[in-house]
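J.: Structure file model_7.pdb, PDB, N, CA and C atoms, is pasted below:
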ATOM      1  N   MET A   1       0.845  -1.164   0.000
ATOM      2  CA  MET A   1       0.000   0.000   0.000
ATOM      3  C   MET A   1       0.891   1.228   0.000
ATOM      4  N   VAL A   2       0.495   2.239  -0.744
ATOM      5  CA  VAL A   2       1.203   3.512  -0.757
ATOM      6  C   VAL A   2       0.250   4.578  -0.258
ATOM      7  N   GLU A   3       0.668   5.273   0.794
ATOM      8  CA  GLU A   3      -0.148   6.357   1.370
ATOM      9  C   GLU A   3       0.456   7.684   0.934
ATOM     10  N   ASP A   4      -0.379   8.551   0.368
ATOM     11  CA  ASP A   4       0.080   9.872  -0.070
ATOM     12  C   ASP A   4      -1.056  10.886   0.045
ATOM     13  N   ALA A   5      -1.896  10.745   1.074
ATOM     14  CA  ALA A   5      -3.104  11.569   1.177
ATOM     15  C   ALA A   5      -2.892  12.908   1.857
ATOM     16  N   HIS A   6      -1.942  13.008   2.762
ATOM     17  CA  HIS A   6      -1.650  14.242   3.499
ATOM     18  C   HIS A   6      -2.743  14.644   4.484
ATOM     19  N   VAL A   7      -3.672  13.775   4.772
ATOM     20  CA  VAL A   7      -4.700  14.052   5.782
ATOM     21  C   VAL A   7      -4.945  12.788   6.601
ATOM     22  N   ASN A   8      -5.127  12.949   7.891
ATOM     23  CA  ASN A   8      -5.527  11.860   8.779
ATOM     24  C   ASN A   8      -4.651  10.613   8.621
ATOM     25  N   LEU A   9      -3.353  10.797   8.555
ATOM     26  CA  LEU A   9      -2.449   9.664   8.354
ATOM     27  C   LEU A   9      -2.646   8.587   9.403
ATOM     28  N   LYS A  10      -2.718   8.971  10.657
ATOM     29  CA  LYS A  10      -2.860   7.975  11.717
ATOM     30  C   LYS A  10      -4.150   7.177  11.541
ATOM     31  N   GLY A  11      -5.234   7.826  11.216
ATOM     32  CA  GLY A  11      -6.500   7.136  10.996
ATOM     33  C   GLY A  11      -6.442   6.183   9.810
ATOM     34  N   VAL A  12      -5.787   6.615   8.744
ATOM     35  CA  VAL A  12      -5.643   5.761   7.554
ATOM     36  C   VAL A  12      -4.838   4.514   7.900
ATOM     37  N   LEU A  13      -3.712   4.713   8.604
ATOM     38  CA  LEU A  13      -2.871   3.564   8.958
ATOM     39  C   LEU A  13      -3.569   2.638   9.948
ATOM     40  N   GLU A  14      -4.328   3.200  10.882
ATOM     41  CA  GLU A  14      -5.074   2.357  11.827
ATOM     42  C   GLU A  14      -6.124   1.529  11.102
ATOM     43  N   TYR A  15      -6.761   2.095  10.089
ATOM     44  CA  TYR A  15      -7.758   1.350   9.328
ATOM     45  C   TYR A  15      -7.107   0.157   8.616
ATOM     46  N   PHE A  16      -6.008   0.409   7.887
ATOM     47  CA  PHE A  16      -5.375  -0.659   7.116
ATOM     48  C   PHE A  16      -4.576  -1.623   7.983
ATOM     49  N   ASP A  17      -4.253  -1.236   9.197
ATOM     50  CA  ASP A  17      -3.490  -2.085  10.108
ATOM     51  C   ASP A  17      -4.163  -3.442  10.306
ATOM     52  N   ARG A  18      -5.455  -3.468  10.358
ATOM     53  CA  ARG A  18      -6.169  -4.735  10.606
ATOM     54  C   ARG A  18      -6.092  -5.702   9.429
ATOM     55  N   PHE A  19      -5.705  -5.199   8.263
ATOM     56  CA  PHE A  19      -5.635  -6.051   7.071
ATOM     57  C   PHE A  19      -4.207  -6.477   6.719
ATOM     58  N   THR A  20      -3.209  -5.889   7.356
ATOM     59  CA  THR A  20      -1.829  -6.200   6.991
ATOM     60  C   THR A  20      -1.405  -7.551   7.540
ATOM     61  N   GLN A  21      -0.497  -8.166   6.806
ATOM     62  CA  GLN A  21       0.048  -9.465   7.194
ATOM     63  C   GLN A  21       1.565  -9.396   7.090
ATOM     64  N   PRO A  22       2.275 -10.290   7.768
ATOM     65  CA  PRO A  22       3.733 -10.289   7.660
ATOM     66  C   PRO A  22       4.183 -10.327   6.203
ATOM     67  N   GLY A  23       5.130  -9.462   5.877
ATOM     68  CA  GLY A  23       5.641  -9.375   4.516
ATOM     69  C   GLY A  23       5.024  -8.244   3.710
ATOM     70  N   ASP A  24       3.904  -7.689   4.172
ATOM     71  CA  ASP A  24       3.281  -6.564   3.477
ATOM     72  C   ASP A  24       4.129  -5.308   3.653
ATOM     73  N   TYR A  25       4.026  -4.410   2.707
ATOM     74  CA  TYR A  25       4.698  -3.122   2.780
ATOM     75  C   TYR A  25       3.657  -2.010   2.821
ATOM     76  N   ILE A  26       3.908  -1.031   3.665
ATOM     77  CA  ILE A  26       3.146   0.214   3.647
ATOM     78  C   ILE A  26       4.157   1.323   3.404
ATOM     79  N   CYS A  27       4.015   2.017   2.294
ATOM     80  CA  CYS A  27       4.903   3.131   1.963
ATOM     81  C   CYS A  27       4.182   4.427   2.308
ATOM     82  N   VAL A  28       4.767   5.191   3.210
ATOM     83  CA  VAL A  28       4.185   6.473   3.607
ATOM     84  C   VAL A  28       5.049   7.556   2.982
ATOM     85  N   GLU A  29       4.465   8.307   2.073
ATOM     86  CA  GLU A  29       5.212   9.330   1.352
ATOM     87  C   GLU A  29       5.176  10.674   2.075
ATOM     88  N   ASP A  30       6.184  11.476   1.793
ATOM     89  CA  ASP A  30       6.238  12.879   2.216
ATOM     90  C   ASP A  30       6.252  13.085   3.725
ATOM     91  N   THR A  31       7.063  12.313   4.432
ATOM     92  CA  THR A  31       7.186  12.505   5.881
ATOM     93  C   THR A  31       8.356  13.410   6.231
ATOM     94  N   ASN A  32       9.169  13.786   5.257
ATOM     95  CA  ASN A  32      10.275  14.702   5.512
ATOM     96  C   ASN A  32       9.707  16.083   5.834
ATOM     97  N   PRO A  33      10.198  16.742   6.891
ATOM     98  CA  PRO A  33       9.667  18.068   7.257
ATOM     99  C   PRO A  33       9.941  19.158   6.223
ATOM    100  N   LYS A  34      10.748  18.869   5.216
ATOM    101  CA  LYS A  34      11.011  19.852   4.161
ATOM    102  C   LYS A  34      10.551  19.297   2.826
ATOM    103  N   LYS A  35      10.184  20.187   1.932
ATOM    104  CA  LYS A  35       9.758  19.771   0.596
ATOM    105  C   LYS A  35      10.514  20.602  -0.431
ATOM    106  N   PRO A  36      10.646  20.106  -1.646
ATOM    107  CA  PRO A  36      11.306  20.898  -2.688
ATOM    108  C   PRO A  36      10.541  22.192  -2.947
ATOM    109  N   SER A  37      11.266  23.285  -3.175
ATOM    110  CA  SER A  37      10.625  24.562  -3.493
ATOM    111  C   SER A  37      10.021  24.553  -4.885
ATOM    112  N   VAL A  38      10.613  23.762  -5.771
ATOM    113  CA  VAL A  38      10.162  23.668  -7.150
ATOM    114  C   VAL A  38       9.760  22.231  -7.410
ATOM    115  N   LEU A  39       8.511  22.005  -7.820
ATOM    116  CA  LEU A  39       8.049  20.647  -8.076
ATOM    117  C   LEU A  39       8.828  20.024  -9.225
ATOM    118  N   GLY A  40       9.100  18.744  -9.098
ATOM    119  CA  GLY A  40       9.794  18.011 -10.141
ATOM    120  C   GLY A  40      11.295  18.169 -10.129
ATOM    121  N   GLN A  41      11.836  18.824  -9.104
ATOM    122  CA  GLN A  41      13.276  19.075  -9.096
ATOM    123  C   GLN A  41      14.093  17.865  -8.692
ATOM    124  N   GLY A  42      13.481  16.869  -8.079
ATOM    125  CA  GLY A  42      14.234  15.701  -7.663
ATOM    126  C   GLY A  42      15.238  16.033  -6.579
ATOM    127  N   LEU A  43      16.479  15.669  -6.794
ATOM    128  CA  LEU A  43      17.515  15.846  -5.773
ATOM    129  C   LEU A  43      18.408  17.050  -6.041
ATOM    130  N   ILE A  44      17.956  18.010  -6.826
ATOM    131  CA  ILE A  44      18.762  19.195  -7.118
ATOM    132  C   ILE A  44      18.661  20.151  -5.942
ATOM    133  N   LYS A  45      19.622  20.097  -5.042
ATOM    134  CA  LYS A  45      19.581  20.854  -3.804
ATOM    135  C   LYS A  45      19.698  22.362  -4.030
ATOM    136  N   GLU A  46      20.304  22.774  -5.121
ATOM    137  CA  GLU A  46      20.528  24.195  -5.370
ATOM    138  C   GLU A  46      19.224  24.986  -5.503
ATOM    139  N   LEU A  47      18.132  24.318  -5.863
ATOM    140  CA  LEU A  47      16.856  25.009  -6.023
ATOM    141  C   LEU A  47      16.185  25.298  -4.692
ATOM    142  N   GLY A  48      16.643  24.679  -3.621
ATOM    143  CA  GLY A  48      16.140  24.995  -2.294
ATOM    144  C   GLY A  48      14.969  24.148  -1.844
ATOM    145  N   TYR A  49      14.714  24.265  -0.557
ATOM    146  CA  TYR A  49      13.626  23.539   0.071
ATOM    147  C   TYR A  49      12.813  24.496   0.932
ATOM    148  N   ALA A  50      11.532  24.234   1.061
ATOM    149  CA  ALA A  50      10.642  25.034   1.898
ATOM    150  C   ALA A  50      10.159  24.166   3.054
ATOM    151  N   ALA A  51       9.769  24.807   4.137
ATOM    152  CA  ALA A  51       9.270  24.064   5.292
ATOM    153  C   ALA A  51       7.962  23.368   4.943
ATOM    154  N   PHE A  52       7.901  22.076   5.180
ATOM    155  CA  PHE A  52       6.693  21.286   4.946
ATOM    156  C   PHE A  52       5.999  21.038   6.272
ATOM    157  N   GLY A  53       6.798  21.025   7.316
ATOM    158  CA  GLY A  53       6.275  20.813   8.656
ATOM    159  C   GLY A  53       6.358  19.373   9.085
ATOM    160  N   PRO A  54       6.439  19.148  10.380
ATOM    161  CA  PRO A  54       6.613  17.795  10.909
ATOM    162  C   PRO A  54       5.313  17.042  11.181
ATOM    163  N   GLN A  55       4.166  17.596  10.810
ATOM    164  CA  GLN A  55       2.884  16.990  11.187
ATOM    165  C   GLN A  55       2.759  15.546  10.708
ATOM    166  N   LYS A  56       3.054  15.294   9.446
ATOM    167  CA  LYS A  56       2.871  13.941   8.911
ATOM    168  C   LYS A  56       3.853  12.968   9.556
ATOM    169  N   LEU A  57       5.088  13.391   9.751
ATOM    170  CA  LEU A  57       6.071  12.549  10.414
ATOM    171  C   LEU A  57       5.648  12.263  11.851
ATOM    172  N   ASN A  58       5.134  13.254  12.546
ATOM    173  CA  ASN A  58       4.680  13.052  13.924
ATOM    174  C   ASN A  58       3.497  12.096  13.999
ATOM    175  N   GLU A  59       2.590  12.171  13.031
ATOM    176  CA  GLU A  59       1.465  11.230  13.003
ATOM    177  C   GLU A  59       1.952   9.804  12.770
ATOM    178  N   LEU A  60       2.945   9.643  11.899
ATOM    179  CA  LEU A  60       3.513   8.316  11.644
ATOM    180  C   LEU A  60       4.156   7.765  12.910
ATOM    181  N   LYS A  61       4.935   8.602  13.587
ATOM    182  CA  LYS A  61       5.565   8.176  14.843
ATOM    183  C   LYS A  61       4.515   7.777  15.871
ATOM    184  N   SER A  62       3.448   8.550  15.960
ATOM    185  CA  SER A  62       2.371   8.260  16.909
ATOM    186  C   SER A  62       1.720   6.915  16.602
ATOM    187  N   PHE A  63       1.516   6.622  15.320
ATOM    188  CA  PHE A  63       0.930   5.345  14.919
ATOM    189  C   PHE A  63       1.838   4.182  15.296
ATOM    190  N   LEU A  64       3.148   4.349  15.132
ATOM    191  CA  LEU A  64       4.094   3.252  15.353
ATOM    192  C   LEU A  64       4.341   2.946  16.828
ATOM    193  N   ILE A  65       3.992   3.874  17.725
ATOM    194  CA  ILE A  65       4.185   3.626  19.160
ATOM    195  C   ILE A  65       3.377   2.399  19.573
ATOM    196  N   GLY A  66       4.047   1.444  20.188
ATOM    197  CA  GLY A  66       3.384   0.228  20.632
ATOM    198  C   GLY A  66       3.232  -0.833  19.549
ATOM    199  N   ARG A  67       3.749  -0.550  18.370
ATOM    200  CA  ARG A  67       3.629  -1.515  17.270
ATOM    201  C   ARG A  67       5.002  -1.966  16.763
ATOM    202  N   SER A  68       6.024  -1.868  17.586
ATOM    203  CA  SER A  68       7.378  -2.192  17.141
ATOM    204  C   SER A  68       7.543  -3.664  16.783
ATOM    205  N   GLN A  69       6.695  -4.520  17.294
ATOM    206  CA  GLN A  69       6.764  -5.937  16.942
ATOM    207  C   GLN A  69       6.072  -6.226  15.614
ATOM    208  N   ARG A  70       5.252  -5.281  15.173
ATOM    209  CA  ARG A  70       4.465  -5.474  13.960
ATOM    210  C   ARG A  70       5.052  -4.789  12.726
ATOM    211  N   TYR A  71       5.748  -3.683  12.954
ATOM    212  CA  TYR A  71       6.245  -2.888  11.834
ATOM    213  C   TYR A  71       7.740  -2.653  11.959
ATOM    214  N   LEU A  72       8.428  -2.737  10.828
ATOM    215  CA  LEU A  72       9.847  -2.446  10.737
ATOM    216  C   LEU A  72      10.050  -1.375   9.669
ATOM    217  N   VAL A  73      11.105  -0.608   9.796
ATOM    218  CA  VAL A  73      11.466   0.369   8.773
ATOM    219  C   VAL A  73      12.511  -0.274   7.872
ATOM    220  N   ASP A  74      12.201  -0.374   6.606
ATOM    221  CA  ASP A  74      13.128  -0.962   5.649
ATOM    222  C   ASP A  74      14.087   0.135   5.193
ATOM    223  N   GLN A  75      15.255   0.179   5.809
ATOM    224  CA  GLN A  75      16.209   1.243   5.535
ATOM    225  C   GLN A  75      16.783   1.188   4.122
ATOM    226  N   ARG A  76      16.650   0.068   3.481
ATOM    227  CA  ARG A  76      17.109   0.002   2.086
ATOM    228  C   ARG A  76      16.351   1.015   1.239
ATOM    229  N   TYR A  77      15.078   1.198   1.544
ATOM    230  CA  TYR A  77      14.269   2.119   0.769
ATOM    231  C   TYR A  77      14.203   3.512   1.389
ATOM    232  N   THR A  78      14.132   3.605   2.711
ATOM    233  CA  THR A  78      14.041   4.934   3.317
ATOM    234  C   THR A  78      15.311   5.728   3.112
ATOM    235  N   ASP A  79      16.459   5.077   3.043
ATOM    236  CA  ASP A  79      17.729   5.777   2.874
ATOM    237  C   ASP A  79      18.229   5.724   1.429
ATOM    238  N   PHE A  80      17.411   5.224   0.539
ATOM    239  CA  PHE A  80      17.817   4.998  -0.852
ATOM    240  C   PHE A  80      18.246   6.289  -1.547
ATOM    241  N   PHE A  81      17.595   7.392  -1.211
ATOM    242  CA  PHE A  81      17.866   8.658  -1.894
ATOM    243  C   PHE A  81      18.716   9.619  -1.047
ATOM    244  N   GLY A  82      19.334   9.129   0.015
ATOM    245  CA  GLY A  82      20.248   9.959   0.789
ATOM    246  C   GLY A  82      19.666  10.674   1.940
TER     247      GLY A  82
END
As structure tokens, how would this structure be written, given the file I've shared?
T.:
Amino acid sequence: MVEDAHVNLKGVLEYFDRFTQPGDYICVEDTNPKKPSVLGQGLIKELGYAAFGPQKLNELKSFLIGRSQRYLVDQRYTDFFG
């Protein structure tokens, strides 16, 4: 599952939590507190970044509390782009 809604992240993850099984992946997009200033720029740092805010990341952290036995962070993908 790929989540990219930007609203009610914790509620969305709690809903789908009951359907997940070992080996499933949930990709939560846009949890970085900064976003590119120019859409489509990719990793071109010279164009700058604007504050996106920590709300989505904080909701993800809140969802994961108490679920460490159920969910793992696959660092191969989270760190793939630096």
J.: Find the residues around region 21-33 of chain A up to 8 Å (only N, CA and C atoms counted), leave out those fewer than 4 positions away in its own chain, and share them as a list in words.
T.: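 Close residues of region 21-33 of chain A: Met1, Val2, Glu3, Asp4, Ala5, His6, Phe16, Asp17, Ala50, Ala51, Phe52, Gly53, Pro54, Gln55, Lys56, Leu57, Asn58, Leu60 and Arg70 of chain A.
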J.: For Ser62 (chain A), which residue out of A:Lys34, A:Thr20, A:Tyr15, A:Lys10 is the nearest one, using only N, CA and C atoms?
T.: A:Lys10
J.: Please indicate the distance in Å from atom C of Glu14 (chain A) to atom N of Asp74 (chain A), rounded to one decimal place.
T.: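 Here the two named atoms are 19.0 Å from each other.
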J.: Have a look at atom C of Arg67 (chain A) and atom N of Val7 (chain A) and let me know their distance in Å, one decimal.
T.: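 Computed distance, atom C of Arg67 (chain A) to atom N of Val7 (chain A), equals 21.6 Å.
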J.: State, in Å with one decimal place, the distance from CA of Val12 (chain A) to CA of Gln75 (chain A).
T.: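 We find that CA of Val12 (chain A) and CA of Gln75 (chain A) lie 22.4 Å from each other.
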